[in-house]
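> Structure below; questions to follow.
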Amino acid sequence: MVEHISGRDIEGFSTSAKARMWECSNGCPYAEYSSFYDYYGTHTYADEWVKGAIDGINVAYPRGRGSADFSRFNDDATRVEAIKKGTVYLNIWMYVVREFEDAVGDCEDSCINCNDDPVHAWDEGVAFYTGSLVRPQVRAFFHHLATTRRHTCRLASSYPLPTTV
């Protein structure tokens with residue numbers, strides 16, 4: 001186990017999801033998380049997916065949806081892509097949404113001095129969305145993936161990217 005200064009790691013985004021997005025006292029269960037739980041049938045679906053791809057084992061979810069048998073489809077390219085995509089699309093995405101949901105839940109009406117916590121949570125959500133380095137050579141996190149996938153969704157011509165940052 002690697003210790004981190006922040007006390008958070010990507011695995012923990014999934015393994016703590018039940019406590020942070022299902023059982024919390026601040027608007028839980030969160031709607032987006034609930035839809036993923038309803039689909040997969042387990043609170044640790046993201047962790048199970050990534051570990052299954054790493055270990056090359058069958059990942060069979062309780063509801064029979066979203067399962068993947070990495071012991072059968074066990075070539076390196078498939079597993080590497082499953083690890084990358086599972087880490088970002090399942091683990092980090094849900095934590096980004098969690099930070100935004102937490103920010104909204106923390107807001108207090110008519111109290112300008114009471115809203116430092118939601119601003120901090122919103123900032124964290126943006127940071128997890130963009131990653132720590134937004135540069136052309138850094139190809140991780142949603143900022144880059146959204147930019148890449150916009151061509152797949154035929155959004156590139158409707159929403160051109162800025163030429164400078």
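Chain labels run A, B, ... following the order of the structure tokens; each chain numbers its residues from 1, and ligands are numbered from 1 in the order shown.
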Could you give me, as a list of chain:residue names, the residues within 9 Å of Asp117 of chain A, counting only C-alpha atoms and dropping anything in the same chain fewer than 4 positions from it?
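The filter keeps A:Ala103, A:Asp106, A:Cys107, A:Ala121, A:Trp122.
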> Considering only C-alpha atoms, return as an NGL selection string whatever protein or nucleic-acid residues lie within 10 Å of Trp93 of chain A, sequence-local ones (same chain, fewer than 2 positions apart) excluded.
:A and (13 or 86-91 or 95-98 or 125 or 128-129 or 141-142)
> Env of segment 40-46 of chain A: 12 Å cut, atoms = only C-alpha atoms, seq-sep filter 2 positions within chain, self excluded. Answer as a PyMOL selection string.
chain A and resi 10-23+29+33-38+48-53+59-68+82-95
> Using only C-alpha atoms, can you tell me which of A:Asp69, A:Asp9, A:Glu101, A:Asp55 comes closest to Val119 of chain A?
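Counting only C-alpha atoms, the residue closest to Val119 of chain A is A:Glu101.
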> Between atom CA of Asp123 of chain A and atom CA of Val104 of chain A, what is the distance, to one decimal in Å?
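Spanning atom CA of Asp123 of chain A to atom CA of Val104 of chain A is a straight-line distance of 12.2 Å.
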